[in-house]
file query-v2.csv (CSV, C-alpha atoms and all ligand atoms)
chain,number,residue,atom,x,y,z
A,68,MET,CA,12.4,-65.9,281.1
A,69,ILE,CA,14.8,-63.6,279.2
A,70,THR,CA,16.5,-65.5,276.4
A,71,ARG,CA,20.0,-64.9,275.2
A,72,ARG,CA,18.5,-63.8,271.9
A,73,ALA,CA,16.3,-61.2,273.6
A,74,LEU,CA,19.3,-59.9,275.5
A,75,LEU,CA,21.3,-59.6,272.3
A,76,LYS,CA,18.4,-57.8,270.6
A,77,SER,CA,18.0,-55.2,273.4
A,78,ALA,CA,21.7,-54.5,273.4
A,79,LEU,CA,22.2,-54.4,269.7
A,80,ILE,CA,19.1,-52.4,268.9
A,81,GLY,CA,19.7,-50.2,271.9
A,82,SER,CA,17.4,-49.0,274.5
A,83,GLY,CA,16.6,-45.4,273.5
A,84,SER,CA,20.0,-44.6,272.0
A,85,ALA,CA,21.0,-44.9,268.4
A,86,SER,CA,21.7,-48.4,267.1
A,87,LEU,CA,25.2,-49.2,265.9
A,88,PHE,CA,24.3,-52.5,264.5
A,89,PRO,CA,21.8,-53.4,261.7
A,90,ARG,CA,19.1,-56.0,262.7
A,91,THR,CA,20.5,-58.3,260.0
A,92,LEU,CA,23.6,-58.8,262.3
A,93,LEU,CA,21.5,-60.2,265.0
A,94,ALA,CA,21.2,-63.6,263.5
A,95,ALA,CA,25.0,-63.8,263.4
A,96,ALA,CA,25.4,-62.7,267.0
A,97,ALA,CA,25.1,-66.0,268.6
A,98,SER,CA,28.8,-66.8,269.1
A,99,PRO,CA,30.5,-66.1,272.4
A,100,THR,CA,32.5,-63.2,270.9
A,101,HIS,CA,29.4,-61.6,269.6
A,102,LEU,CA,27.5,-62.1,272.8
A,103,MET,CA,30.4,-60.4,274.7
A,104,GLN,CA,30.4,-57.5,272.2
A,105,ALA,CA,26.6,-57.1,272.6
A,106,PHE,CA,27.0,-57.3,276.4
A,107,ILE,CA,29.6,-54.5,276.3
A,108,GLN,CA,27.6,-52.4,273.9
A,109,GLY,CA,24.6,-52.4,276.2
A,110,LEU,CA,26.6,-52.1,279.4
A,111,PRO,CA,25.8,-48.7,281.1
A,112,LYS,CA,29.1,-46.9,281.2
A,113,ALA,CA,30.9,-43.7,282.3
A,114,GLU,CA,33.9,-42.2,280.6
A,115,LEU,CA,36.3,-40.3,282.9
A,116,HIS,CA,39.4,-39.9,280.7
A,117,LEU,CA,38.5,-38.3,277.4
A,118,HIS,CA,40.2,-35.3,275.8
A,119,ILE,CA,37.5,-33.6,273.8
A,120,GLU,CA,40.2,-32.3,271.4
A,121,GLY,CA,41.2,-36.0,271.0
A,122,THR,CA,37.9,-36.7,269.4
A,123,LEU,CA,38.5,-34.4,266.5
A,124,GLU,CA,38.1,-36.9,263.6
A,125,PRO,CA,40.0,-36.2,260.3
A,126,ASP,CA,36.8,-35.5,258.3
A,127,MET,CA,35.7,-32.9,260.9
A,128,LYS,CA,39.2,-31.4,260.8
A,129,PHE,CA,38.9,-30.9,257.0
A,130,ARG,CA,35.4,-29.4,257.3
A,131,MET,CA,36.4,-26.9,259.9
A,132,ALA,CA,39.7,-26.0,258.2
A,133,LYS,CA,37.7,-25.2,255.0
A,134,ARG,CA,35.1,-23.2,256.9
A,135,ASN,CA,37.9,-21.2,258.7
A,136,GLY,CA,40.0,-20.6,255.6
A,137,LEU,CA,42.9,-22.8,256.7
A,138,ARG,CA,45.0,-25.0,254.5
A,139,LEU,CA,46.0,-28.4,256.0
A,140,PRO,CA,49.2,-30.1,255.0
A,141,TYR,CA,47.3,-33.2,253.8
A,142,ARG,CA,45.3,-33.8,250.5
A,143,SER,CA,42.8,-36.2,252.0
A,144,VAL,CA,41.4,-37.8,255.1
A,145,GLU,CA,43.4,-40.9,254.3
A,146,GLU,CA,46.6,-39.0,254.0
A,147,MET,CA,46.0,-37.3,257.3
A,148,ARG,CA,45.2,-40.6,259.0
A,149,ALA,CA,48.4,-42.1,257.6
A,150,SER,CA,50.3,-39.2,259.2
A,151,TYR,CA,49.2,-40.5,262.6
A,152,GLN,CA,51.6,-43.4,262.0
A,153,ARG,CA,54.4,-41.2,263.1
A,154,ILE,CA,53.1,-41.3,266.7
A,155,HIS,CA,55.4,-43.5,268.7
A,156,ASP,CA,55.5,-41.8,272.1
A,157,LEU,CA,53.9,-39.1,274.2
A,158,GLN,CA,55.9,-36.3,272.6
A,159,SER,CA,55.2,-37.4,269.0
A,160,PHE,CA,51.5,-37.8,269.9
A,161,LEU,CA,51.3,-34.3,271.3
A,162,GLU,CA,52.8,-32.8,268.0
A,163,VAL,CA,50.0,-34.4,266.0
A,164,TYR,CA,47.3,-33.6,268.5
A,165,TYR,CA,48.3,-29.9,268.8
A,166,GLU,CA,48.5,-29.6,265.0
A,167,GLY,CA,44.9,-30.8,264.9
A,168,THR,CA,43.6,-28.2,267.4
A,169,ALA,CA,44.6,-25.4,265.0
A,170,VAL,CA,41.3,-25.8,263.1
A,171,LEU,CA,39.2,-25.1,266.2
A,172,LYS,CA,38.5,-21.4,265.9
A,173,THR,CA,35.0,-20.5,266.7
A,174,GLU,CA,32.4,-21.2,269.3
A,175,GLN,CA,30.5,-23.2,266.7
A,176,ASP,CA,33.6,-25.4,266.2
A,177,PHE,CA,33.8,-26.3,269.9
A,178,TYR,CA,30.0,-26.8,269.9
A,179,GLU,CA,30.1,-29.2,267.0
A,180,LEU,CA,33.1,-31.1,268.3
A,181,THR,CA,31.3,-31.6,271.6
A,182,LEU,CA,28.0,-32.6,270.1
A,183,ALA,CA,29.5,-35.1,267.7
A,184,TYR,CA,31.4,-36.7,270.6
A,185,LEU,CA,28.3,-36.9,272.8
A,186,LYS,CA,26.3,-38.4,270.1
A,187,LYS,CA,28.8,-41.1,269.6
A,188,ALA,CA,29.1,-41.7,273.4
A,189,ALA,CA,25.4,-41.9,273.8
A,190,SER,CA,25.2,-44.5,271.0
A,191,GLN,CA,27.6,-46.6,273.1
A,192,ASN,CA,25.4,-46.5,276.2
A,193,ILE,CA,27.7,-44.1,278.0
A,194,LEU,CA,25.5,-42.4,280.5
A,195,TYR,CA,28.0,-39.9,281.9
A,196,VAL,CA,31.3,-38.3,280.7
A,197,GLU,CA,33.9,-36.1,282.3
A,198,MET,CA,35.7,-34.4,279.5
A,199,PHE,CA,39.1,-32.8,279.6
A,200,PHE,CA,39.9,-29.7,277.6
A,201,ASP,CA,43.1,-27.7,277.0
A,202,PRO,CA,42.3,-24.0,277.1
A,203,GLN,CA,46.0,-22.9,277.0
A,204,GLN,CA,46.4,-24.6,273.6
A,205,HIS,CA,43.4,-22.6,272.3
A,206,MET,CA,44.5,-19.4,273.9
A,207,ARG,CA,47.9,-19.7,272.3
A,208,ASN,CA,46.0,-20.2,269.0
A,209,GLY,CA,44.5,-16.8,269.7
A,210,ILE,CA,41.1,-18.0,270.9
A,211,ALA,CA,39.4,-16.4,273.9
A,212,PHE,CA,38.6,-18.6,276.9
A,213,GLU,CA,35.0,-17.5,276.6
A,214,THR,CA,34.7,-18.8,273.0
A,215,VAL,CA,35.9,-22.2,274.1
A,216,ILE,CA,33.8,-22.6,277.1
A,217,LYS,CA,30.6,-21.3,275.4
A,218,GLY,CA,31.0,-23.7,272.6
A,219,LEU,CA,31.7,-26.7,274.9
A,220,THR,CA,28.9,-26.0,277.3
A,221,ARG,CA,26.3,-25.4,274.5
A,222,GLY,CA,27.3,-28.8,273.1
A,223,GLN,CA,26.9,-30.4,276.5
A,224,LYS,CA,23.5,-28.8,276.9
A,225,ASP,CA,22.3,-30.0,273.5
A,226,GLY,CA,23.8,-33.4,274.0
A,227,GLN,CA,21.8,-33.8,277.2
A,228,LYS,CA,18.6,-32.6,275.5
A,229,LEU,CA,19.0,-34.7,272.4
A,230,TRP,CA,20.4,-38.0,273.8
A,231,GLY,CA,20.0,-37.7,277.6
A,232,ILE,CA,23.8,-37.9,278.1
A,233,ASP,CA,25.2,-36.1,281.2
A,234,SER,CA,28.7,-34.5,281.1
A,235,GLN,CA,31.0,-32.3,283.1
A,236,LEU,CA,34.3,-30.5,282.1
A,237,ILE,CA,37.8,-30.8,283.6
A,238,MET,CA,40.1,-28.0,282.6
A,239,CYS,CA,43.7,-29.2,282.0
A,240,PHE,CA,46.9,-27.3,282.4
A,241,LEU,CA,49.7,-28.0,280.0
A,242,ARG,CA,52.6,-29.1,282.1
A,243,GLU,CA,55.3,-27.9,279.8
A,244,LEU,CA,54.1,-24.3,280.3
A,245,THR,CA,54.9,-22.3,283.4
A,246,ALA,CA,53.2,-22.5,286.7
A,247,ASP,CA,52.4,-18.7,286.2
A,248,SER,CA,50.7,-19.5,283.0
A,249,ALA,CA,48.6,-22.2,284.7
A,250,MET,CA,47.7,-19.8,287.5
A,251,GLN,CA,46.6,-17.1,284.9
A,252,THR,CA,44.5,-19.7,283.1
A,253,LEU,CA,42.8,-20.6,286.4
A,254,GLU,CA,42.1,-16.9,287.1
A,255,ALA,CA,40.7,-16.6,283.6
A,256,ALA,CA,38.5,-19.6,284.2
A,257,LEU,CA,37.1,-18.7,287.6
A,258,PRO,CA,34.3,-16.5,286.2
A,259,TYR,CA,33.1,-19.7,284.5
A,260,LYS,CA,33.7,-21.9,287.5
A,261,GLU,CA,30.1,-23.2,287.5
A,262,TYR,CA,30.9,-25.0,284.3
A,263,LEU,CA,33.9,-26.8,285.6
A,264,VAL,CA,34.0,-29.8,287.9
A,265,GLY,CA,37.7,-30.0,288.3
A,266,VAL,CA,41.2,-29.3,286.9
A,267,GLY,CA,43.8,-31.7,285.5
A,268,LEU,CA,47.4,-31.7,284.3
A,269,ASP,CA,48.3,-33.1,281.0
A,270,SER,CA,50.7,-32.8,278.0
A,271,ASP,CA,54.5,-33.2,278.2
A,272,GLU,CA,55.4,-34.9,281.4
A,273,LYS,CA,59.2,-35.1,280.9
A,274,ASP,CA,60.9,-32.8,283.5
A,275,ASN,CA,57.5,-31.3,284.4
A,276,PRO,CA,56.7,-32.8,287.8
A,277,PRO,CA,53.4,-32.3,289.6
A,278,ASN,CA,55.2,-30.3,292.2
A,279,LYS,CA,55.7,-27.5,289.7
A,280,PHE,CA,51.9,-26.9,290.0
A,281,SER,CA,51.5,-27.1,293.8
A,282,ALA,CA,50.3,-23.5,294.2
A,283,VAL,CA,47.8,-23.7,291.3
A,284,PHE,CA,46.3,-27.0,292.5
A,285,LYS,CA,46.0,-25.7,296.1
A,286,ARG,CA,44.1,-22.7,294.7
A,287,ALA,CA,41.9,-24.9,292.6
A,288,ARG,CA,41.1,-27.0,295.6
A,289,GLU,CA,40.3,-23.9,297.7
A,290,GLU,CA,37.9,-22.9,294.9
A,291,GLY,CA,36.1,-26.2,295.4
A,292,LEU,CA,37.3,-27.9,292.2
A,293,ARG,CA,38.3,-31.5,292.1
A,294,VAL,CA,41.8,-32.3,291.0
A,295,THR,CA,43.5,-35.0,289.0
A,296,VAL,CA,46.9,-35.4,287.3
A,297,HIS,CA,48.1,-37.4,284.3
A,298,CYS,CA,50.8,-39.9,285.3
A,299,ASP,CA,51.4,-41.2,281.8
A,300,LEU,CA,53.0,-44.6,281.3
A,301,ASN,CA,56.7,-45.2,281.5
A,302,GLN,CA,57.7,-41.5,281.7
A,303,LYS,CA,60.9,-40.3,283.1
A,304,ASP,CA,60.7,-40.1,287.0
A,305,ILE,CA,57.2,-41.5,286.8
A,306,HIS,CA,57.2,-43.1,290.2
A,307,GLU,CA,58.2,-39.8,291.8
A,308,HIS,CA,55.5,-38.1,289.8
A,309,ILE,CA,52.9,-40.5,291.1
A,310,ARG,CA,54.0,-39.9,294.6
A,311,GLN,CA,54.0,-36.1,294.2
A,312,ALA,CA,50.5,-36.2,292.6
A,313,VAL,CA,49.1,-38.0,295.7
A,314,GLU,CA,51.1,-36.4,298.5
A,315,GLN,CA,51.7,-32.8,297.2
A,316,LEU,CA,48.8,-32.1,294.9
A,317,GLN,CA,46.4,-34.3,296.9
A,318,VAL,CA,44.7,-35.6,293.8
A,319,ASP,CA,41.1,-37.0,293.9
A,320,ARG,CA,42.0,-39.4,291.1
A,321,ILE,CA,45.0,-40.5,288.9
A,322,ASP,CA,44.9,-40.4,285.1
A,323,HIS,CA,46.7,-43.5,283.6
A,324,GLY,CA,49.0,-44.4,286.6
A,325,GLY,CA,50.0,-47.7,285.0
A,326,ASN,CA,53.4,-47.6,286.7
A,327,VAL,CA,51.8,-47.8,290.2
A,328,ILE,CA,52.0,-51.6,289.7
A,329,ASP,CA,55.8,-51.4,289.7
A,330,SER,CA,56.0,-50.6,293.4
A,331,PRO,CA,54.3,-52.1,296.4
A,332,GLU,CA,54.8,-48.7,298.2
A,333,LEU,CA,52.9,-46.9,295.4
A,334,ILE,CA,50.1,-49.6,295.4
A,335,LYS,CA,49.7,-49.0,299.1
A,336,LEU,CA,49.8,-45.2,298.8
A,337,VAL,CA,47.1,-45.3,296.1
A,338,LYS,CA,44.9,-47.7,298.1
A,339,ASP,CA,45.4,-45.9,301.4
A,340,ASN,CA,44.2,-42.7,299.7
A,341,GLY,CA,41.2,-44.5,298.2
A,342,LEU,CA,42.1,-43.3,294.7
A,343,TYR,CA,40.7,-44.5,291.4
A,344,LEU,CA,42.8,-44.8,288.3
A,345,THR,CA,41.5,-43.8,284.9
A,346,VAL,CA,43.5,-46.3,282.8
A,347,CYS,CA,43.4,-46.0,279.0
A,348,PRO,CA,44.5,-49.5,277.8
A,349,GLY,CA,44.8,-48.2,274.2
A,350,SER,CA,47.6,-45.8,275.2
A,351,SER,CA,48.8,-47.0,278.6
A,352,GLY,CA,47.9,-50.6,278.8
A,353,THR,CA,51.3,-52.2,278.9
A,354,SER,CA,54.0,-51.4,281.4
A,355,ILE,CA,57.5,-52.8,281.1
A,356,GLN,CA,59.0,-54.6,284.2
A,357,ASP,CA,62.5,-56.1,283.9
A,358,GLY,CA,62.3,-55.7,280.2
A,359,LYS,CA,59.1,-57.7,280.0
A,360,PRO,CA,55.6,-56.4,279.0
A,361,VAL,CA,53.1,-56.4,281.9
A,362,ASP,CA,49.3,-56.0,281.4
A,363,VAL,CA,48.3,-53.0,283.4
A,364,VAL,CA,44.6,-53.7,283.8
A,365,ARG,CA,45.0,-57.3,284.8
A,366,THR,CA,47.8,-56.6,287.2
A,367,MET,CA,45.8,-53.7,288.8
A,368,LEU,CA,42.7,-55.8,289.2
A,369,ASN,CA,44.7,-58.6,290.8
A,370,ALA,CA,46.3,-56.1,293.1
A,371,GLY,CA,42.9,-54.9,294.3
A,372,LEU,CA,43.3,-51.4,292.8
A,373,ASN,CA,40.3,-49.3,291.7
A,374,VAL,CA,40.7,-49.4,287.9
A,375,THR,CA,38.4,-47.7,285.3
A,376,LEU,CA,38.6,-48.2,281.6
A,377,ASN,CA,38.7,-45.1,279.3
A,378,SER,CA,39.5,-44.1,275.8
A,379,ASP,CA,41.8,-41.0,276.0
A,380,ASP,CA,42.1,-39.6,272.5
A,381,PRO,CA,39.9,-41.9,270.3
A,382,ALA,CA,40.3,-40.0,267.0
A,383,TYR,CA,44.1,-40.6,267.2
A,384,MET,CA,43.8,-44.1,268.5
A,385,SER,CA,42.3,-46.0,265.6
A,386,GLY,CA,38.9,-44.7,266.3
A,387,ASN,CA,38.6,-46.7,269.5
A,388,TYR,CA,35.9,-45.1,271.6
A,389,LEU,CA,34.8,-46.6,274.9
A,390,ASN,CA,33.0,-49.7,273.5
A,391,GLU,CA,36.0,-50.6,271.4
A,392,THR,CA,38.2,-50.0,274.4
A,393,PHE,CA,36.2,-52.4,276.5
A,394,ILE,CA,36.1,-55.0,273.8
A,395,ASN,CA,39.9,-54.8,273.2
A,396,ALA,CA,40.6,-54.8,277.0
A,397,GLN,CA,38.3,-57.8,277.5
A,398,LYS,CA,40.3,-59.9,275.1
A,399,ARG,CA,43.7,-58.6,276.1
A,400,SER,CA,43.3,-58.7,279.8
A,401,GLN,CA,41.0,-61.8,279.8
A,402,LEU,CA,38.2,-59.9,281.6
A,403,SER,CA,35.1,-61.8,282.7
A,404,ALA,CA,31.6,-60.3,282.4
A,405,VAL,CA,31.6,-59.9,286.2
A,406,GLU,CA,34.9,-58.0,286.0
A,407,LEU,CA,33.5,-55.8,283.2
A,408,VAL,CA,30.6,-54.9,285.4
A,409,SER,CA,32.9,-54.1,288.2
A,410,LEU,CA,35.0,-51.9,285.9
A,411,ALA,CA,31.9,-50.0,284.8
A,412,ARG,CA,30.8,-49.7,288.5
A,413,ASN,CA,34.2,-48.3,289.4
A,414,ALA,CA,33.8,-45.5,286.8
A,415,PHE,CA,30.4,-44.5,288.3
A,416,GLU,CA,31.9,-44.7,291.8
A,417,ALA,CA,34.8,-42.5,290.8
A,418,SER,CA,32.6,-39.9,289.1
A,419,TRP,CA,32.5,-36.4,290.5
A,420,ILE,CA,28.7,-36.3,290.8
A,421,SER,CA,26.1,-36.2,293.6
A,422,ASP,CA,25.3,-39.4,295.6
A,423,HIS,CA,21.8,-39.2,294.1
A,424,GLN,CA,23.1,-39.1,290.5
A,425,LYS,CA,25.5,-41.9,291.3
A,426,ALA,CA,22.7,-44.1,292.8
A,427,ARG,CA,20.6,-43.5,289.6
A,428,TYR,CA,23.4,-44.8,287.3
A,429,LEU,CA,24.3,-47.7,289.6
A,430,THR,CA,20.7,-48.8,289.7
A,431,LYS,CA,20.7,-49.0,285.9
A,432,LEU,CA,24.0,-50.9,285.9
A,433,ASP,CA,22.7,-53.4,288.5
A,434,THR,CA,19.5,-53.9,286.5
A,435,TYR,CA,21.5,-54.6,283.4
A,436,ALA,CA,24.0,-56.9,285.3
A,437,ASN,CA,21.1,-58.9,286.8
A,438,GLN,CA,19.6,-59.5,283.4
A,439,TRP,CA,22.9,-60.4,281.7
A,440,LEU,CA,25.3,-62.1,284.1
A,441,PRO,CA,23.4,-65.3,284.4
A,442,LYS,CA,23.6,-65.7,280.6
A,443,MET,CA,27.2,-64.8,280.5
A,444,ALA,CA,28.4,-67.4,283.0
A,501,LIG,N1,46.9,-34.5,276.0
A,501,LIG,C1,45.9,-35.2,275.3
A,501,LIG,N2,46.0,-36.5,275.6
A,501,LIG,C2,47.0,-36.7,276.5
A,501,LIG,C3,47.5,-37.8,277.1
A,501,LIG,N3,47.1,-39.0,277.0
A,501,LIG,N4,48.6,-37.6,277.9
A,501,LIG,C4,49.1,-36.4,278.1
A,501,LIG,N5,48.6,-35.3,277.5
A,501,LIG,C5,47.5,-35.4,276.7
A,502,ZN,ZN,44.9,-38.3,278.7

call {"tool": "encode", "arguments": {"input": "query-v2.csv", "output": "structure tokens"}}
result
Amino acid sequence: MITRRALLKSALIGSGSASLFPRTLLAAAASPTHLMQAFIQGLPKAELHLHIEGTLEPDMKFRMAKRNGLRLPYRSVEEMRASYQRIHDLQSFLEVYYEGTAVLKTEQDFYELTLAYLKKAASQNILYVEMFFDPQQHMRNGIAFETVIKGLTRGQKDGQKLWGIDSQLIMCFLRELTADSAMQTLEAALPYKEYLVGVGLDSDEKDNPPNKFSAVFKRAREEGLRVTVHCDLNQKDIHEHIRQAVEQLQVDRIDHGGNVIDSPELIKLVKDNGLYLTVCPGSSGTSIQDGKPVDVVRTMLNAGLNVTLNSDDPAYMSGNYLNETFINAQKRSQLSAVELVSLARNAFEASWISDHQKARYLTKLDTYANQWLPKMA
């Protein structure tokens, strides 16, 4: 028989991936909270909404700035972190986020960024990641597309070699830039199409509806790329943006999408199209209805929507990577162990991978769930 203690031990010490917890903590891990944390740590997971530039931690920013001869407007990591407190909405977040990307100059920078993230992800038992990147931001910083893609893909290759973690790239267009600029970026990317699984749409949503990018997304789909669109929470015209993303851009997935729960018609539209939502509770977990806060994850689950949990921009969100995201969401949305398994399952189901790869991950998840769920009841 597998004991609770043995389960804790296998999750905390890890099965092949780096341990996050010293063995001395094991003795203290007998409380329900610690058991839940150990369960989440060991749960095989996929991450589908992660901006690789959003994993640029302050210490790495300082190191790269020094190496690239750039001066940052902060004297220390602490001062930089404190500056993140000015983030209060999407626009103020984007200012801080783009300021950070200025230190990424060379192929080696993109390589190290990717490798550091994949190491962290593997340590959290993430088996598979789909990572967004924002080439237009780097190109306006004077970096060639080739430099970016070479660094990212070298990081992916080494991440897989070192820790067995699989990953794919989703190229995002910045929605405040023109549709022409997006099309030119797509053209620049096509010689590297083999390295991309899809395209997305992110950045400033205000007055930048999905429709603006109809032709680019049509072209991307014709090129065999999957498509997804950010529908950030509580944005101007958000319900119309969700509708356009589904009906006009014919998305394969929706990023965030928390305001779907405001409208029975949108719930139906999303369900009828079999769409999964990559919700990031750290940044889009609370919608406002009639002036009252509504928990997005709980409401989506109750409505029968296909939700996945994701971390978005962890370096800017109190260092909350996927484990922390699951742990926080479990408390906040009162998620049972069975629901956590089904959220993890949804992410593998929603992944843009072959049926064979999907089945391999789902077998791992089922094995884990069969071991743990009886103990978690
Ligand atoms: N760029 C990076 N993270 C983003 C987010 N969560 N929403 C929109 N654009 C982004
Ligand atoms: Zn995002």

call {"tool": "atom_distance", "arguments": {"input": "query-v2.csv", "atom1": "atom CA of Gly371 of chain A", "atom2": "atom CA of Glu391 of chain A"}}
result
24.3 Å

call {"tool": "atom_distance", "arguments": {"input": "query-v2.csv", "atom1": "atom CA of Ala149 of chain A", "atom2": "atom N2 of ligand LIG 501 (chain A)"}}
result
19.0 Å

call {"tool": "residues_near_point", "arguments": {"input": "query-v2.csv", "point": "(23.2, -63.1, 285.8)", "cutoff": "12 Å", "atoms": "all atoms listed in the file", "output": "JSON list (two decimals) with C-alpha atoms, in the frame of the given file"}}
result
[["chain", "number", "residue", "atom", "x", "y", "z"],
["A", 69, "ILE", "CA", 14.80, -63.60, 279.20],
["A", 70, "THR", "CA", 16.50, -65.50, 276.40],
["A", 71, "ARG", "CA", 20.00, -64.90, 275.20],
["A", 74, "LEU", "CA", 19.30, -59.90, 275.50],
["A", 106, "PHE", "CA", 27.00, -57.30, 276.40],
["A", 404, "ALA", "CA", 31.60, -60.30, 282.40],
["A", 405, "VAL", "CA", 31.60, -59.90, 286.20],
["A", 408, "VAL", "CA", 30.60, -54.90, 285.40],
["A", 433, "ASP", "CA", 22.70, -53.40, 288.50],
["A", 434, "THR", "CA", 19.50, -53.90, 286.50],
["A", 435, "TYR", "CA", 21.50, -54.60, 283.40],
["A", 436, "ALA", "CA", 24.00, -56.90, 285.30],
["A", 437, "ASN", "CA", 21.10, -58.90, 286.80],
["A", 438, "GLN", "CA", 19.60, -59.50, 283.40],
["A", 439, "TRP", "CA", 22.90, -60.40, 281.70],
["A", 440, "LEU", "CA", 25.30, -62.10, 284.10],
["A", 441, "PRO", "CA", 23.40, -65.30, 284.40],
["A", 442, "LYS", "CA", 23.60, -65.70, 280.60],
["A", 443, "MET", "CA", 27.20, -64.80, 280.50],
["A", 444, "ALA", "CA", 28.40, -67.40, 283.00]]

call {"tool": "atom_distance", "arguments": {"input": "query-v2.csv", "atom1": "atom CA of Asn373 of chain A", "atom2": "atom CA of Lys187 of chain A"}}
result
26.2 Å

call {"tool": "residues_around", "arguments": {"input": "query-v2.csv", "residues": "Ser281 of chain A", "least_positions_apart": "6", "cutoff": "10 Å", "atoms": "all atoms listed in the file", "output": "list in words"}}
result
Ala246, Ala287, Gln311, Ala312, Gln315, Leu316 and Gln317 of chain A

call {"tool": "residues_near_ligand", "arguments": {"input": "query-v2.csv", "ligand": "ligand ZN 502 (chain A)", "cutoff": "8 Å", "atoms": "all atoms listed in the file", "output": "list of chain:residue names"}}
result
A:His116, A:Leu117, A:His118, A:Asp269, A:His297, A:Asp299, A:Asp322, A:His323, A:Cys347, A:Asp379, A:Asp380

call {"tool": "residues_around", "arguments": {"input": "query-v2.csv", "residues": "Glu243 of chain A", "least_positions_apart": "5", "cutoff": "8 Å", "atoms": "all atoms listed in the file", "output": "MDAnalysis selection string"}}
result
chainID A and resid 270:272 275

call {"tool": "residues_around", "arguments": {"input": "query-v2.csv", "residues": "segment 220-228 of chain A", "least_positions_apart": "5", "cutoff": "7 Å", "atoms": "only C-alpha atoms", "output": "list in words"}}
result
Tyr178, Glu179, Thr181, Leu182, Leu185, Lys186, Asp233 and Ser234 of chain A

call {"tool": "residues_around", "arguments": {"input": "query-v2.csv", "residues": "segment 205-218 of chain A", "least_positions_apart": "2", "cutoff": "9 Å", "atoms": "all atoms listed in the file", "output": "MDAnalysis selection string"}}
result
chainID A and resid 168:169 171:181 201:203 220:223 252 255:256 259 262

call {"tool": "residues_around", "arguments": {"input": "query-v2.csv", "residues": "segment 152-154 of chain A", "least_positions_apart": "4", "cutoff": "10 Å", "atoms": "all atoms listed in the file", "output": "MDAnalysis selection string"}}
result
chainID A and resid 147:148 158:164 383:384

call {"tool": "closest_residue", "arguments": {"input": "query-v2.csv", "among": "A:Glu120, A:Asn377, A:Glu166, A:Ile232", "to": "Phe200 of chain A", "atoms": "all atoms listed in the file"}}
result
A:Glu120

call {"tool": "closest_residue", "arguments": {"input": "query-v2.csv", "among": "A:Ala282, A:Val170, A:Ala396, A:Leu194", "to": "Phe415 of chain A", "atoms": "only C-alpha atoms"}}
result
A:Leu194
